[in-house]
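> What follows is a single structure, and I will ask about it in a moment.
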Amino acid sequence: MGSYTAIADVGNALVRLLQQYLVPDTLLSADSIGLCRPSDKGDFMLGVHLYGVEECVEMRDSEMIDVGLQRQKYPPTYLSLYYMITPFSNSDVKFRAEEEQRILGRVVQVIKDYGTFDCNTYQPVEFPKGLDIRIDPVMLTLEQKLRLWNAPDIPYRASLYYKATPVVVESSRMRKIRRVTDLNLSVEEK
């Protein structure tokens, strides 16, 4: 749980989830879904873009973690990851909008039904527990959405916005400690 690859692991888990439930009914190929920025989507028909990473301050931990009798690990960092999921249809212009809306609808359905990942395996779980990662919708204003699309020569497209939290990144830093091994108590009468 929580190595430095946790951010990439969550993005890949989200892509695998969409591939599992959108192919072949909604999209023909798993290769048409992937991690990408909207400005360089390549051949993807559905792009998953990580647009923000924030510390999850409500879960800030300051307790050291015991690792054996003589070492402690520094506390992990808890993150919230923000994703924009965008369809890029290759259909004829008269069918493009409808196809993209169908893709968006299926994405909403899949994430609502399977949008909790086990914090160790990054596999979908039916009954969340403890630090399992929840994928929840994020409501942005139109102005915020347009700011995310602030790339020249790329027109705004309807997209879905989600937050994945908590994502644990463990510390690799350790410290040596000395445990109390002897205790000498004495009582004096006055």
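In the structure tokens, each chain is lettered A, B, ... as it comes, each chain's residues begin at 1, and ligands are numbered from 1 in order of appearance.
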If we count only C-alpha atoms and set the cut-off at 12 Å, which residues sit around Gln20 of chain A, ignoring sequence neighbours fewer than 3 positions away in its own chain? Please answer as a ChimeraX atom specification.
/A:13-17,23-31,33,106-107,110-111,114,123-124
> Could you pull the residues within 10 Å of Ser171 of chain A, counting only C-alpha atoms, minus those fewer than 4 positions along the same chain, as a list of chain:residue names?
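Close residues of Ser171 of chain A: A:Gly2, A:Ser3, A:Tyr4, A:Lys73, A:Tyr74, A:Pro75, A:Pro76, A:Thr77.
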> Using only C-alpha atoms, which of A:Phe95, A:Phe88, A:Tyr83, A:Tyr78 sits nearest Pro166 of chain A?
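Smallest separation from Pro166 of chain A among the options: A:Tyr78.
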> Report as a VMD selection string all protein, DNA and RNA residues lying within 8 Å of Lys176 of chain A, evaluated on only C-alpha atoms, omitting residues in the same chain fewer than 5 positions from it.
chain A and resid 70 to 72
> Please produce a file of the residues just selected, as a tab-separated table (two decimals), in the first residue's frame, where the atoms kept are N, CA, C and O atoms.

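Wrote result-v3.tsv, looks like this:
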```tsv
chain	number	residue	atom	x	y	z
A	70	GLN	N	13.20	-1.40	16.98
A	70	GLN	CA	14.18	-0.33	17.03
A	70	GLN	C	14.08	0.67	15.89
A	70	GLN	O	14.99	1.47	15.70
A	71	ARG	N	12.97	0.61	15.12
A	71	ARG	CA	12.83	1.57	14.03
A	71	ARG	C	11.39	2.05	13.94
A	71	ARG	O	10.45	1.32	14.25
A	72	GLN	N	11.26	3.28	13.46
A	72	GLN	CA	9.95	3.85	13.19
A	72	GLN	C	9.99	4.52	11.82
A	72	GLN	O	11.01	5.06	11.41
```
> Just asking: which residues within segment 6-179 of chain A are strand (DSSP E) according to DSSP, as number ranges by chain?
A: 33-35, 46-55, 65-66, 71-73, 77-87, 116-117, 133-137, 160-169, 174-176
> Would you work out the distance separating atom CA of Thr5 of chain A from atom CA of Cys119 of chain A, expressed in Å to one decimal?
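A separation of 12.5 Å between them.
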> Excluding Leu50 of chain A and any residue of its chain fewer than 5 positions from it, enumerate the residues within 9 Å of it, using only C-alpha atoms, and give them as a list in words.
Gly11, Leu35, Cys36, Arg37, Leu81, Tyr82, Tyr83, Met84 and Ile85 of chain A
> To one decimal place, how far is atom CA of Leu69 of chain A from atom CA of Ile177 of chain A in Å?
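Atom CA of Leu69 of chain A sits 7.9 Å away from atom CA of Ile177 of chain A.
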> Go ahead and compute the interatomic distance for atom CA of Glu170 of chain A and atom CA of Gln19 of chain A, in Å to one decimal.
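Computing the Euclidean distance for atom CA of Glu170 of chain A and atom CA of Gln19 of chain A yields 28.4 Å.
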> What's around Arg60 of chain A at 12 Å? Count only C-alpha atoms, leave out sequence neighbours fewer than 2 positions away in its own chain, and write the answer as a list in words.
Glu54, Glu55, Cys56, Val57, Glu58, Ser62, Glu63, Pro75, Pro76, Thr77, Tyr78, Leu79, Ser80, Pro166, Val167, Val168 and Val169 of chain A
> Can you tell me, as a list of chain:residue names, which residues in segment 55-125 of chain A count as helix (DSSP H, G or I) by DSSP?
A:Val57, A:Glu58, A:Met59, A:Val93, A:Lys94, A:Phe95, A:Arg96, A:Ala97, A:Glu98, A:Glu99, A:Glu100, A:Gln101, A:Arg102, A:Ile103, A:Leu104, A:Gly105, A:Arg106, A:Val107, A:Val108, A:Gln109, A:Val110, A:Ile111, A:Lys112, A:Asp113, A:Tyr114
> Would you mind listing what lies within 7 Å of segment 125-137 of chain A as number ranges by chain, with only C-alpha atoms counted and same-chain residues fewer than 6 positions away left out?
A: 115-119, 161-167
> Taking C-alpha atoms for each residue, export the selection above as an mmCIF file, in the first residue's frame.

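Result written to selection_28.cif:
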```
data_model
loop_
_atom_site.group_PDB
_atom_site.id
_atom_site.type_symbol
_atom_site.label_atom_id
_atom_site.label_comp_id
_atom_site.auth_asym_id
_atom_site.auth_seq_id
_atom_site.Cartn_x
_atom_site.Cartn_y
_atom_site.Cartn_z
ATOM 1 C CA GLY A 115 -15.900 3.548 -8.212
ATOM 2 C CA THR A 116 -14.218 2.304 -5.039
ATOM 3 C CA PHE A 117 -10.770 0.690 -5.205
ATOM 4 C CA ASP A 118 -9.022 -1.482 -2.648
ATOM 5 C CA CYS A 119 -6.138 0.590 -1.274
ATOM 6 C CA TYR A 161 -14.640 15.563 -13.340
ATOM 7 C CA TYR A 162 -13.805 13.228 -10.466
ATOM 8 C CA LYS A 163 -11.808 13.153 -7.242
ATOM 9 C CA ALA A 164 -10.015 10.014 -6.015
ATOM 10 C CA THR A 165 -9.350 10.020 -2.278
ATOM 11 C CA PRO A 166 -7.588 9.031 -0.044
ATOM 12 C CA VAL A 167 -4.498 7.996 -1.975
#
```
> Let me make sure I understand: among A:Arg173, A:Ile154, A:Gly34, A:Leu160, which one has the smallest atom-to-atom distance to Met139 of chain A if we use only C-alpha atoms?
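The closest residue to Met139 of chain A is A:Leu160.
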> Counting only C-alpha atoms, figure out which residue out of A:Ser159, A:Asn120, A:Gln144, A:Asn184 gets nearest to Val10 of chain A.
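Smallest distance to Val10 of chain A is found for A:Asn120.
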